[in-house]
$ cat structure_28.txt   # compact mmCIF, C-alpha atoms
# COMPACT_ATOMS: atom_id res chain seq x y z
CA MET N 1 -7.77 24.11 15.17
CA LEU N 2 -8.17 20.95 13.08
CA ARG N 3 -5.52 22.00 10.57
CA ASN N 4 -3.10 22.71 13.46
CA ILE N 5 -3.66 19.20 14.83
CA PHE N 6 -3.12 17.65 11.40
CA PHE N 7 0.05 19.60 10.62
CA ALA N 8 1.46 18.56 14.00
CA ILE N 9 0.82 14.94 13.04
CA VAL N 10 2.54 15.52 9.70
CA VAL N 11 5.65 16.97 11.34
CA LEU N 12 5.87 14.05 13.76
CA SER N 13 5.13 11.36 11.16
CA PHE N 14 6.63 12.33 7.79
CA TYR N 15 10.11 11.02 8.49
CA ASN N 16 8.79 7.69 9.76
CA LEU N 17 6.57 7.27 6.70
CA SER N 18 9.44 7.83 4.25
CA ALA N 19 11.98 5.75 6.18
CA GLN N 20 9.99 2.88 7.72
CA ASP N 21 10.31 -0.69 6.50
CA GLY N 22 6.57 -1.15 7.02
CA THR N 23 6.64 -4.95 6.90
CA VAL N 24 8.30 -8.09 8.25
CA SER N 25 6.94 -10.32 5.51
CA PRO N 26 9.31 -12.93 4.02
CA TYR N 27 7.62 -12.23 0.66
CA SER N 28 9.15 -8.75 0.74
CA TYR N 29 12.39 -10.56 -0.27
CA PHE N 30 11.14 -10.60 -3.84
CA GLY N 31 11.22 -7.66 -6.26
CA LEU N 32 10.88 -4.29 -4.53
CA GLY N 33 9.06 -5.74 -1.52
CA THR N 34 5.40 -6.28 -0.77
CA SER N 35 3.05 -3.93 -2.60
CA ASN N 36 1.11 -1.35 -0.60
CA PRO N 37 -2.21 -0.29 -2.23
CA ALA N 38 -2.28 3.00 -0.23
CA ASN N 39 -5.96 2.86 0.59
CA THR N 40 -7.54 4.87 3.38
CA VAL N 41 -8.89 3.02 6.39
CA GLU N 42 -12.41 3.62 5.04
CA ASN N 43 -11.66 1.97 1.69
CA ASN N 44 -9.65 -0.86 3.24
CA ALA N 45 -12.63 -1.72 5.44
CA MET N 46 -14.60 -2.27 2.20
CA GLY N 47 -12.02 -4.74 0.90
CA GLY N 48 -10.13 -1.97 -0.88
CA LEU N 49 -13.15 -0.97 -2.96
CA SER N 50 -12.58 2.50 -4.47
CA ILE N 51 -15.72 3.19 -6.54
CA TYR N 52 -17.33 5.45 -3.93
CA GLY N 53 -16.59 9.10 -3.17
CA ASP N 54 -18.34 11.72 -1.08
CA SER N 55 -17.98 15.32 0.09
CA ILE N 56 -15.95 14.75 3.29
CA HIS N 57 -13.58 11.80 2.69
CA ILE N 58 -10.39 11.33 0.66
CA ASN N 59 -10.25 8.45 -1.83
CA LEU N 60 -6.56 7.76 -2.50
CA GLN N 61 -7.26 5.26 -5.29
CA ASN N 62 -9.75 7.30 -7.32
CA PRO N 63 -8.90 10.94 -8.13
CA ALA N 64 -12.27 11.44 -9.84
CA SER N 65 -13.80 11.61 -6.36
CA TYR N 66 -12.11 14.97 -5.60
CA GLY N 67 -14.72 16.81 -7.65
CA LEU N 68 -17.31 15.90 -4.98
CA LEU N 69 -15.47 17.53 -2.05
CA LYS N 70 -17.29 20.26 -0.12
CA LEU N 71 -14.90 20.61 2.86
CA THR N 72 -11.15 20.63 3.27
CA THR N 73 -10.14 17.23 4.61
CA TYR N 74 -7.01 16.08 6.41
CA ALA N 75 -6.42 12.35 6.68
CA VAL N 76 -3.85 10.16 8.40
CA GLY N 77 -3.86 6.40 8.84
CA VAL N 78 -1.89 3.97 11.00
CA SER N 79 -1.96 0.17 10.92
CA HIS N 80 -0.80 -2.61 13.22
CA ARG N 81 -0.39 -6.08 11.76
CA ARG N 82 0.18 -9.34 13.62
CA MET N 83 1.29 -12.38 11.64
CA ASN N 84 1.71 -16.09 12.17
CA LEU N 85 4.43 -17.36 9.82
CA SER N 86 4.31 -21.11 9.23
CA SER N 87 6.36 -23.44 7.04
CA GLU N 88 6.42 -27.21 6.79
CA THR N 89 8.82 -27.36 9.75
CA GLN N 90 8.56 -24.10 11.73
CA ASP N 91 6.05 -21.68 13.19
CA ASN N 92 6.63 -18.10 14.35
CA ASN N 93 4.67 -15.00 15.39
CA THR N 94 5.65 -11.42 14.61
CA ALA N 95 4.13 -7.95 14.29
CA TYR N 96 4.79 -4.41 13.07
CA THR N 97 3.18 -0.97 13.10
CA ALA N 98 3.33 1.53 10.22
CA ILE N 99 1.99 4.88 9.08
CA ASP N 100 -0.06 4.29 5.91
CA TYR N 101 -0.79 7.76 4.55
CA LEU N 102 -0.74 11.50 5.18
CA SER N 103 -3.14 13.42 2.93
CA VAL N 104 -4.87 16.76 2.43
CA ALA N 105 -7.75 17.48 0.01
CA MET N 106 -9.84 20.59 -0.59
CA PRO N 107 -12.50 22.02 -2.89
CA LEU N 108 -11.19 24.75 -5.22
CA ALA N 109 -14.54 25.71 -6.71
CA PRO N 110 -17.97 24.10 -7.09
CA ASN N 111 -17.41 20.64 -8.62
CA LEU N 112 -13.61 21.01 -8.59
CA GLY N 113 -11.19 19.69 -5.96
CA MET N 114 -7.57 18.81 -5.41
CA GLY N 115 -5.49 16.69 -3.05
CA PHE N 116 -1.88 15.97 -2.16
CA GLY N 117 0.06 13.84 0.29
CA VAL N 118 2.51 10.98 0.75
CA THR N 119 1.88 7.23 0.85
CA PRO N 120 4.03 4.08 0.68
CA VAL N 121 4.26 2.13 -2.60
CA SER N 122 6.15 -0.98 -1.48
CA ASN N 123 7.80 -2.17 1.73
CA MET N 124 10.81 -4.42 2.32
CA GLY N 125 11.74 -5.90 5.70
CA TYR N 126 12.78 -9.53 6.21
CA ILE N 127 15.32 -11.86 7.81
CA LEU N 128 15.52 -15.35 6.31
CA ASN N 129 17.75 -18.30 7.18
CA SER N 130 18.71 -21.37 5.17
CA SER N 131 21.11 -24.24 5.81
CA ILE N 132 22.36 -27.08 3.61
CA GLU N 133 24.89 -29.89 4.16
CA ASN N 134 28.11 -29.62 2.12
CA GLY N 135 28.75 -33.37 2.05
CA GLU N 136 31.67 -33.18 4.49
CA GLY N 137 29.67 -33.24 7.69
CA LYS N 138 29.39 -29.46 7.85
CA SER N 139 26.54 -27.12 7.01
CA ILE N 140 26.56 -24.00 4.85
CA ASN N 141 24.42 -21.32 6.44
CA ASN N 142 22.91 -18.28 4.71
CA VAL N 143 21.23 -15.34 6.42
CA PHE N 144 19.30 -13.02 4.08
CA SER N 145 18.05 -9.63 5.26
CA GLY N 146 16.51 -6.62 3.57
CA SER N 147 15.03 -3.22 4.39
CA GLY N 148 13.63 -0.11 2.75
CA GLY N 149 10.92 0.48 0.19
CA LEU N 150 9.30 3.03 -2.06
CA SER N 151 7.08 5.98 -1.19
CA LYS N 152 5.32 8.51 -3.38
CA LEU N 153 4.33 12.13 -3.22
CA TYR N 154 1.10 12.67 -5.12
CA PHE N 155 -0.94 15.54 -6.47
CA SER N 156 -4.53 14.91 -7.58
CA LEU N 157 -7.19 16.97 -9.33
CA GLY N 158 -10.82 15.98 -9.82
CA ALA N 159 -13.86 17.62 -11.43
CA LEU N 160 -17.56 17.05 -12.05
CA PRO N 161 -17.95 18.47 -15.59
CA LEU N 162 -21.33 16.86 -16.27
CA LYS N 163 -24.19 15.65 -14.13
CA ASN N 164 -23.37 12.18 -12.74
CA LEU N 165 -19.92 12.15 -14.43
CA SER N 166 -16.70 12.91 -12.54
CA ILE N 167 -13.15 12.68 -13.86
CA GLY N 168 -9.75 13.04 -12.26
CA ALA N 169 -6.01 12.54 -12.56
CA SER N 170 -3.03 12.12 -10.23
CA ILE N 171 0.70 12.61 -10.70
CA PHE N 172 3.04 10.47 -8.57
CA ALA N 173 6.66 11.26 -7.69
CA ASN N 174 8.08 7.92 -6.51
CA PHE N 175 11.27 7.67 -4.48
CA GLY N 176 13.09 5.37 -2.09
CA SER N 177 15.78 2.77 -1.66
CA VAL N 178 16.11 -0.92 -0.85
CA SER N 179 19.06 -2.69 0.75
CA LYS N 180 19.73 -6.42 0.66
CA GLU N 181 22.40 -8.44 2.46
CA ARG N 182 23.47 -12.07 2.44
CA VAL N 183 25.87 -13.49 5.04
CA GLN N 184 27.20 -16.98 4.24
CA SER N 185 29.15 -19.12 6.69
CA VAL N 186 30.26 -22.69 7.35
CA SER N 187 29.70 -24.37 10.71
CA ASP N 188 32.66 -24.19 13.14
CA VAL N 189 34.12 -21.16 11.31
CA LEU N 190 34.23 -17.79 13.09
CA PHE N 191 33.91 -15.61 10.00
CA GLY N 192 31.75 -15.57 6.89
CA THR N 193 31.31 -13.77 3.60
CA VAL N 194 28.95 -10.86 3.08
CA ASP N 195 27.25 -9.56 -0.09
CA ARG N 196 25.46 -6.20 0.22
CA ARG N 197 23.38 -4.54 -2.47
CA ASN N 198 21.68 -1.15 -2.44
CA SER N 199 19.43 0.54 -4.98
CA ARG N 200 18.24 4.15 -4.82
CA MET N 201 15.28 4.76 -7.12
CA ASN N 202 13.03 7.53 -8.37
CA GLY N 203 10.52 8.01 -11.16
CA PHE N 204 7.18 9.49 -12.17
CA ASN N 205 3.90 7.98 -13.29
CA MET N 206 0.25 9.00 -13.35
CA GLN N 207 -3.30 7.85 -12.78
CA MET N 208 -6.55 8.71 -14.58
CA ALA N 209 -10.08 7.93 -13.41
CA ALA N 210 -13.72 8.37 -14.38
CA ASN N 211 -16.88 7.72 -12.36
CA TYR N 212 -20.38 7.61 -13.82
CA ILE N 213 -23.18 7.46 -11.23
CA PRO N 214 -26.66 7.73 -12.81
CA LYS N 215 -29.92 7.48 -10.89
CA ILE N 216 -31.92 4.37 -11.74
CA THR N 217 -34.81 5.13 -9.34
CA ASP N 218 -35.65 8.04 -7.05
CA LYS N 219 -33.35 6.59 -4.39
CA LEU N 220 -31.08 4.06 -6.08
CA SER N 221 -27.93 4.94 -8.00
CA LEU N 222 -25.70 2.82 -10.22
CA TYR N 223 -22.00 3.30 -9.43
CA THR N 224 -19.51 2.66 -12.24
CA SER N 225 -15.82 3.44 -12.25
CA VAL N 226 -12.62 2.91 -14.23
CA VAL N 227 -9.13 3.78 -12.96
CA TYR N 228 -5.96 3.46 -15.04
CA THR N 229 -2.49 3.70 -13.49
CA SER N 230 0.36 4.08 -15.98
CA ALA N 231 3.54 2.01 -15.94
CA LEU N 232 6.32 3.20 -13.64
CA ASN N 233 9.88 3.25 -14.96
CA LEU N 234 12.19 3.83 -12.01
CA LYS N 235 15.73 5.05 -12.52
CA SER N 236 17.90 3.00 -10.18
CA THR N 237 21.44 3.78 -8.98
CA ASN N 238 23.03 0.59 -7.66
CA THR N 239 26.00 -0.31 -5.48
CA GLN N 240 27.36 -3.67 -4.34
CA GLU N 241 30.12 -4.70 -1.98
CA ILE N 242 31.46 -8.09 -0.94
CA GLY N 243 33.86 -9.13 1.79
CA SER N 244 34.35 -11.00 5.01
CA ILE N 245 32.57 -10.50 8.32
CA SER N 246 33.03 -11.62 11.92
CA LEU N 247 30.20 -13.92 13.01
CA THR N 248 30.76 -13.16 16.70
CA ASN N 249 30.03 -9.41 16.58
CA GLY N 250 28.95 -8.70 12.99
CA THR N 251 31.95 -6.46 12.28
CA ASP N 252 33.26 -6.20 8.72
CA LEU N 253 36.80 -7.59 8.38
CA GLU N 254 37.39 -6.56 4.79
CA THR N 255 35.03 -5.36 2.06
CA THR N 256 35.42 -4.37 -1.58
CA SER N 257 33.05 -2.34 -3.77
CA LEU N 258 32.36 -3.98 -7.10
CA ASP N 259 32.65 -2.08 -10.38
CA LEU N 260 29.06 -2.41 -11.55
CA SER N 261 29.72 -0.11 -14.52
CA ALA N 262 31.69 -2.90 -16.15
CA LEU N 263 28.60 -5.10 -15.85
CA ASN N 264 26.19 -2.36 -17.04
CA LEU N 265 24.45 -2.52 -13.66
CA ALA N 266 25.56 0.72 -11.98
CA ASN N 267 22.47 2.40 -13.43
CA SER N 268 19.40 0.42 -14.40
CA THR N 269 15.65 0.71 -14.90
CA VAL N 270 13.04 -1.01 -12.76
CA THR N 271 9.70 -1.34 -14.57
CA ILE N 272 6.40 -1.76 -12.74
CA PRO N 273 3.62 -2.45 -15.32
CA SER N 274 0.44 -0.42 -15.71
CA LYS N 275 -2.85 -1.59 -14.18
CA THR N 276 -6.55 -1.00 -14.75
CA THR N 277 -9.42 -1.28 -12.26
CA TRP N 278 -13.10 -1.60 -13.26
CA GLY N 279 -15.81 -1.17 -10.63
CA ILE N 280 -19.59 -1.39 -10.37
CA GLY N 281 -22.03 -1.02 -7.51
CA LEU N 282 -25.56 -0.25 -6.43
CA GLY N 283 -26.67 1.90 -3.54
CA GLU N 284 -28.49 4.80 -1.95
CA ASN N 285 -26.24 7.79 -1.35
CA LYS N 286 -25.36 8.36 2.34
CA LYS N 287 -27.33 5.23 3.23
CA TRP N 288 -25.83 2.05 1.77
CA LEU N 289 -23.68 0.66 -1.04
CA VAL N 290 -22.70 -2.78 -2.32
CA GLY N 291 -20.07 -2.96 -5.04
CA ALA N 292 -17.28 -4.95 -6.65
CA SER N 293 -14.12 -4.21 -8.60
CA TYR N 294 -11.63 -6.11 -10.75
CA THR N 295 -8.00 -5.12 -11.30
CA SER N 296 -5.62 -6.52 -13.91
CA GLN N 297 -1.88 -5.94 -14.21
CA ALA N 298 0.57 -7.60 -16.61
CA MET N 299 3.25 -8.35 -14.01
CA GLY N 300 5.02 -10.49 -16.59
CA ASP N 301 6.46 -7.18 -17.80
CA PHE N 302 8.04 -6.47 -14.40
CA GLU N 303 11.77 -5.93 -14.82
CA SER N 304 14.54 -5.52 -12.24
CA ALA N 305 17.89 -6.76 -13.56
CA PHE N 306 19.92 -5.91 -10.45
CA LEU N 307 17.50 -7.26 -7.81
CA LYS N 308 16.03 -10.27 -9.62
CA GLN N 309 15.91 -13.76 -8.05
CA ALA N 310 16.28 -17.05 -9.85
CA ASN N 311 13.36 -18.91 -8.23
CA VAL N 312 10.58 -16.43 -9.04
CA THR N 313 8.65 -15.73 -12.24
CA TYR N 314 5.94 -13.16 -12.92
CA GLY N 315 2.66 -13.43 -14.80
CA ASP N 316 -0.67 -11.61 -14.88
CA ALA N 317 -1.77 -10.20 -11.52
CA THR N 318 -5.46 -9.81 -10.70
CA ALA N 319 -7.52 -8.53 -7.77
CA PHE N 320 -11.21 -9.04 -7.05
CA ARG N 321 -12.78 -6.92 -4.32
CA LEU N 322 -16.30 -6.94 -2.90
CA GLY N 323 -17.53 -4.52 -0.26
CA GLY N 324 -19.87 -1.81 0.88
CA TYR N 325 -21.18 0.29 3.74
CA TYR N 326 -24.37 1.02 5.70
CA VAL N 327 -25.46 4.14 7.64
CA PRO N 328 -28.59 3.62 9.80
CA ASP N 329 -29.46 7.35 9.90
CA PHE N 330 -27.36 10.14 8.40
CA ALA N 331 -29.46 12.91 10.02
CA PRO N 332 -27.31 15.22 12.21
CA PHE N 333 -29.63 14.82 15.22
CA ALA N 334 -29.72 11.02 15.10
CA SER N 335 -28.07 9.05 17.90
CA PHE N 336 -24.30 8.44 17.83
CA PHE N 337 -24.35 4.83 16.67
CA LYS N 338 -27.08 5.48 14.10
CA ARG N 339 -24.87 8.14 12.47
CA ALA N 340 -21.90 5.75 12.38
CA THR N 341 -20.86 4.17 9.08
CA TYR N 342 -20.54 0.36 9.13
CA ARG N 343 -18.32 -1.18 6.44
CA PHE N 344 -17.51 -4.67 5.21
CA GLY N 345 -15.38 -6.18 2.47
CA PHE N 346 -13.57 -9.13 0.93
CA LYS N 347 -10.51 -9.34 -1.32
CA MET N 348 -9.00 -12.11 -3.43
CA LEU N 349 -5.64 -11.28 -5.01
CA ASP N 350 -3.34 -13.16 -7.34
CA THR N 351 -0.02 -11.33 -6.90
CA GLY N 352 1.31 -12.52 -10.27
CA MET N 353 4.33 -14.12 -8.54
CA THR N 354 5.15 -17.80 -8.87
CA ILE N 355 7.85 -18.96 -6.44
CA ASN N 356 9.23 -22.50 -6.54
CA ASN N 357 6.36 -23.26 -8.95
CA GLU N 358 3.77 -22.14 -6.38
CA GLN N 359 1.36 -19.31 -7.21
CA ILE N 360 1.27 -16.64 -4.49
CA THR N 361 -2.24 -15.46 -3.56
CA ASP N 362 -3.68 -13.17 -0.89
CA PHE N 363 -7.16 -13.53 0.67
CA GLY N 364 -8.69 -11.20 3.24
CA THR N 365 -11.99 -10.26 4.90
CA ASN N 366 -12.64 -6.82 6.35
CA ILE N 367 -15.02 -5.02 8.68
CA GLY N 368 -14.91 -1.46 9.95
CA VAL N 369 -16.76 1.46 11.46
CA GLY N 370 -16.61 5.22 11.03
CA LEU N 371 -17.45 7.09 14.22
CA PRO N 372 -18.54 10.76 14.09
CA MET N 373 -16.59 13.28 16.18
CA GLY N 374 -18.92 15.59 18.13
CA GLY N 375 -21.16 17.79 16.02
CA THR N 376 -18.69 18.02 13.11
CA PHE N 377 -18.31 16.08 9.87
CA SER N 378 -14.95 14.75 11.09
CA ASN N 379 -14.73 11.10 12.03
CA VAL N 380 -12.50 8.35 13.40
CA ASN N 381 -12.34 5.23 11.24
CA ILE N 382 -11.41 1.78 12.51
CA GLY N 383 -10.87 -1.27 10.31
CA LEU N 384 -10.10 -4.93 11.02
CA GLU N 385 -8.73 -7.43 8.51
CA LEU N 386 -8.19 -11.17 8.75
CA GLY N 387 -6.40 -12.94 5.90
CA SER N 388 -3.63 -15.15 4.56
CA LEU N 389 -0.79 -14.68 2.07
CA GLY N 390 1.22 -17.34 0.30
CA THR N 391 1.61 -21.04 1.01
CA ALA N 392 3.65 -23.35 3.24
CA LYS N 393 4.34 -25.72 0.34
CA ALA N 394 7.61 -26.04 -1.62
CA GLY N 395 9.77 -24.64 1.17
CA LEU N 396 7.77 -21.39 1.36
CA VAL N 397 6.05 -19.60 4.25
CA LYS N 398 2.34 -18.97 4.77
CA GLU N 399 1.33 -15.73 6.47
CA ASN N 400 -1.88 -15.71 8.47
CA TYR N 401 -2.39 -12.10 9.45
CA PHE N 402 -4.67 -9.87 11.51
CA SER N 403 -4.57 -6.11 10.96
CA VAL N 404 -6.00 -3.22 12.94
CA ARG N 405 -6.17 0.13 11.13
CA VAL N 406 -7.08 3.49 12.62
CA GLY N 407 -7.57 6.66 10.58
CA LEU N 408 -8.55 10.25 11.25
CA SER N 409 -10.59 12.18 8.71
CA LEU N 410 -10.70 15.80 9.90
CA ASN N 411 -12.80 18.43 8.12
CA ASP N 412 -12.44 22.19 8.02
CA LYS N 413 -13.41 25.17 5.86
CA TRP N 414 -10.83 27.23 4.00
CA PHE N 415 -11.11 30.40 1.93
CA LEU N 416 -14.23 31.67 3.73
CA LYS N 417 -15.07 35.35 3.32
CA ARG N 418 -15.79 36.84 6.72
CA LYS N 419 -18.90 39.00 7.00
CA ILE N 420 -19.33 41.87 9.47
CA ASN N 421 -22.90 42.82 10.36
$ encode --input "structure_28.txt" --output "structure tokens"
Amino acid sequence: MLRNIFFAIVVLSFYNLSAQDGTVSPYSYFGLGTSNPANTVENNAMGGLSIYGDSIHINLQNPASYGLLKLTTYAVGVSHRRMNLSSETQDNNTAYTAIDYLSVAMPLAPNLGMGFGVTPVSNMGYILNSSIENGEGKSINNVFSGSGGLSKLYFSLGALPLKNLSIGASIFANFGSVSKERVQSVSDVLFGTVDRRNSRMNGFNMQMAANYIPKITDKLSLYTSVVYTSALNLKSTNTQEIGSISLTNGTDLETTSLDLSALNLANSTVTIPSKTTWGIGLGENKKWLVGASYTSQAMGDFESAFLKQANVTYGDATAFRLGGYYVPDFAPFASFFKRATYRFGFKMLDTGMTINNEQITDFGTNIGVGLPMGGTFSNVNIGLELGSLGTAKAGLVKENYFSVRVGLSLNDKWFLKRKIN
């Protein structure tokens, strides 16, 4: 029954996940759009902390956790984000809803598990306006818009080869496209010029992880983790057309496709640098955990010749996350709210982007709860996040956001041998 419900969700959702813009952030104008860490609702509620794994949940950021699985798990997550966008002169509110992940994981043997699914990598979706005086009493107006993003299909394998030590690896098949458009016009003129660019991309990379969780007392365990994600070199096929457009109805009047081969831009490579995450925590299994992680990524090595912008530079990106969970009573006969899992977290990210000489950072606080479903191990997870991205200085926009995330983690048993008495 549970697998039928999940597969119905997959059929209804897969197209939207691969095609959705998934953001309305003005910062998605830069590079390939805003990065999506592809965490489950459970991990997001702990600030994105990924050092913990158990027998009934999927950890999308740590394949070493698959060796702990005891039940087949189906997981889907949806988020709704409301944003207040403020600059030095304007203020606006907007919102969007997106599917965050579709995943399946299962044990293959004792201490061996696998998982697969699809998640977004980056999202692009913006409309920006700018206007400057041309010195003749008229204004030059520019409207920038963009859509698309990257998604990835993944396959993960995890094992517990030694007591307290789990290892794992994931392979990612990344794919997607981004489209950008600029319409330029002069006041009192009924037509403008249009510049459209499109890039279709695909490429493979991988992830390796190791968790070491020794007991330090009868109840307490030390949680340590390292996760390495290799660099991603995307093959990009690019097109560009320019022409004139009617400002009254948006109809193209005349367009011409540029010969990008002559500029060595018809085919290019987009490089997303590797990253490493180190984590440590302390806790009592199935009771409580407090942990922290640190991620570093040399975004100075990011390269995108066809989609680059002049006013942005890249340096080292870092992420600090602090979070944990608490379960009042894990016993199956405890009351409903005592069996619930209560989560909390905090994140502090330096995106590695500097725009108009301003460093772009992201701060967020998280809380969440995992609610058991009936007498099963399945659960509904809800997470709330309050945070801010960017700055209103130097002609930029500050995003103050509030996110609500809801995820289903459904458990089932596969490959059972039926017995007849």
$ closest_residue --input "structure_28.txt" --among "N:Glu181, N:Asp301, N:Asp362, N:Glu136" --to "Gly315 (chain N)" --atoms "all atoms listed in the file"
N:Asp301
$ closest_residue --input "structure_28.txt" --among "N:Lys275, N:Asn411, N:Ala169, N:Met373" --to "Met208 (chain N)" --atoms "all atoms listed in the file"
N:Ala169
$ closest_residue --input "structure_28.txt" --among "N:Pro37, N:Gly192, N:Gly203, N:Gly387" --to "Gly176 (chain N)" --atoms "all atoms listed in the file"
N:Gly203
$ residues_around --input "structure_28.txt" --residues "Ser86 (chain N)" --least-positions-apart "3" --cutoff "7 Å" --atoms "all atoms listed in the file" --output "tab-separated table (two decimals) with C-alpha atoms, in the frame of the given file"
chain	number	residue	atom	x	y	z
N	90	GLN	CA	8.56	-24.10	11.73
N	91	ASP	CA	6.05	-21.68	13.19
N	92	ASN	CA	6.63	-18.10	14.35
N	392	ALA	CA	3.65	-23.35	3.24
N	397	VAL	CA	6.05	-19.60	4.25
N	398	LYS	CA	2.34	-18.97	4.77
N	399	GLU	CA	1.33	-15.73	6.47
$ axis_aligned_box --input "structure_28.txt" --around "region 55-62 of chain N" --padding-each-side "3 Å" --output "JSON"
{"center_x": -12.3, "center_y": 10.3, "center_z": -2.0, "size_x": 17.4, "size_y": 16.1, "size_z": 16.6}
$ closest_atom_pairs --input "structure_28.txt" --of "region 263-355 of chain N" --to "region 214-223 of chain N" --cutoff "7 Å" --atoms "only C-alpha atoms" --output "tab-separated table"
residue	atom	partner	partner_atom	distance
N:Ile280	CA	N:Tyr223	CA	5.4
N:Gly281	CA	N:Tyr223	CA	4.7
N:Leu282	CA	N:Leu222	CA	4.9
N:Gly283	CA	N:Leu220	CA	5.5
N:Glu284	CA	N:Leu220	CA	4.9
$ residues_around --input "structure_28.txt" --residues "Gly383 (chain N)" --least-positions-apart "2" --cutoff "10 Å" --atoms "all atoms listed in the file" --output "PyMOL selection string"
chain N and resi 40-46+79+342-344+366-370+381+385+403-407
$ atom_distance --input "structure_28.txt" --atom1 "CA of Ala394 (chain N)" --atom2 "CA of Asp350 (chain N)"
17.8 Å
$ residues_around --input "structure_28.txt" --residues "Asn238 (chain N)" --least-positions-apart "5" --cutoff "8 Å" --atoms "all atoms listed in the file" --output "PyMOL selection string"
chain N and resi 197-200+260+265-268+306
$ residues_near_point --input "structure_28.txt" --point "(8.3, -5.2, -5.6)" --cutoff "10 Å" --atoms "all atoms listed in the file" --output "number ranges by chain"
N: 27-36, 121-124, 149-150, 270-272, 302-304, 307
$ atom_distance --input "structure_28.txt" --atom1 "CA of Pro161 (chain N)" --atom2 "CA of Phe204 (chain N)"
26.9 Å
$ closest_residue --input "structure_28.txt" --among "N:Ser65, N:Ser151, N:Asn264, N:Gln184" --to "Tyr212 (chain N)" --atoms "only C-alpha atoms"
N:Ser65
$ atom_distance --input "structure_28.txt" --atom1 "CA of Asp316 (chain N)" --atom2 "CA of Pro120 (chain N)"
22.6 Å
$ residues_around --input "structure_28.txt" --residues "Asp195 (chain N)" --least-positions-apart "3" --cutoff "9 Å" --atoms "only C-alpha atoms" --output "ChimeraX atom specification"
/N:180-184,240-244
$ write_last_selection --input "structure_28.txt" --atoms "C-alpha atoms" --output "PDB file, keeping the file's coordinate frame"
ATOM      1  CA  LYS N 180      19.730  -6.420   0.660  1.00  0.00           C
ATOM      2  CA  GLU N 181      22.400  -8.440   2.460  1.00  0.00           C
ATOM      3  CA  ARG N 182      23.470 -12.070   2.440  1.00  0.00           C
ATOM      4  CA  VAL N 183      25.870 -13.490   5.040  1.00  0.00           C
ATOM      5  CA  GLN N 184      27.200 -16.980   4.240  1.00  0.00           C
ATOM      6  CA  GLN N 240      27.360  -3.670  -4.340  1.00  0.00           C
ATOM      7  CA  GLU N 241      30.120  -4.700  -1.980  1.00  0.00           C
ATOM      8  CA  ILE N 242      31.460  -8.090  -0.940  1.00  0.00           C
ATOM      9  CA  GLY N 243      33.860  -9.130   1.790  1.00  0.00           C
ATOM     10  CA  SER N 244      34.350 -11.000   5.010  1.00  0.00           C
TER      11      SER N 244
END
$ residues_around --input "structure_28.txt" --residues "region 321-336 of chain N" --least-positions-apart "5" --cutoff "6 Å" --atoms "all atoms listed in the file" --output "JSON, numbers by chain"
{"N": [46, 47, 287, 288, 289, 290, 291, 292, 293, 341, 342, 343, 344, 345, 346, 347]}
$ write_last_selection --input "structure_28.txt" --atoms "C-alpha atoms" --output "short mmCIF file (atom, residue, chain, number, x, y, z; two decimals), in the coordinates of the input"
data_model
loop_
_atom_site.label_atom_id
_atom_site.label_comp_id
_atom_site.auth_asym_id
_atom_site.auth_seq_id
_atom_site.Cartn_x
_atom_site.Cartn_y
_atom_site.Cartn_z
CA MET N 46 -14.60 -2.27 2.20
CA GLY N 47 -12.02 -4.74 0.90
CA LYS N 287 -27.33 5.23 3.23
CA TRP N 288 -25.83 2.05 1.77
CA LEU N 289 -23.68 0.66 -1.04
CA VAL N 290 -22.70 -2.78 -2.32
CA GLY N 291 -20.07 -2.96 -5.04
CA ALA N 292 -17.28 -4.95 -6.65
CA SER N 293 -14.12 -4.21 -8.60
CA THR N 341 -20.86 4.17 9.08
CA TYR N 342 -20.54 0.36 9.13
CA ARG N 343 -18.32 -1.18 6.44
CA PHE N 344 -17.51 -4.67 5.21
CA GLY N 345 -15.38 -6.18 2.47
CA PHE N 346 -13.57 -9.13 0.93
CA LYS N 347 -10.51 -9.34 -1.32
#
$ closest_residue --input "structure_28.txt" --among "N:Leu112, N:Ser147, N:His80, N:Thr89" --to "Leu68 (chain N)" --atoms "only C-alpha atoms"
N:Leu112
$ residues_near_point --input "structure_28.txt" --point "(20.1, -15.8, 3.5)" --cutoff "9 Å" --atoms "all atoms listed in the file" --output "MDAnalysis selection string"
chainID N and resid 127:131 141:145 181:184
$ closest_residue --input "structure_28.txt" --among "N:Thr251, N:Ser177, N:Ser257, N:Thr277" --to "Lys235 (chain N)" --atoms "all atoms listed in the file"
N:Ser177
$ decode --input "structure_28.txt" --residues "region 168-172 of chain N" --atoms "N, CA and C atoms" --output "mmCIF file, in the first residue's frame"
data_model
loop_
_atom_site.group_PDB
_atom_site.id
_atom_site.type_symbol
_atom_site.label_atom_id
_atom_site.label_comp_id
_atom_site.auth_asym_id
_atom_site.auth_seq_id
_atom_site.Cartn_x
_atom_site.Cartn_y
_atom_site.Cartn_z
ATOM 1 N N GLY N 168 30.132 5.116 2.331
ATOM 2 C CA GLY N 168 29.161 5.149 1.251
ATOM 3 C C GLY N 168 29.624 6.017 0.103
ATOM 4 N N ALA N 169 28.952 5.865 -1.036
ATOM 5 C CA ALA N 169 29.271 6.650 -2.214
ATOM 6 C C ALA N 169 28.003 6.872 -3.032
ATOM 7 N N SER N 170 27.966 7.983 -3.759
ATOM 8 C CA SER N 170 26.849 8.312 -4.636
ATOM 9 C C SER N 170 27.379 8.717 -5.999
ATOM 10 N N ILE N 171 26.634 8.393 -7.032
ATOM 11 C CA ILE N 171 26.908 8.854 -8.393
ATOM 12 C C ILE N 171 25.762 9.766 -8.809
ATOM 13 N N PHE N 172 26.084 10.938 -9.366
ATOM 14 C CA PHE N 172 25.086 11.917 -9.755
ATOM 15 C C PHE N 172 25.103 12.120 -11.267
#
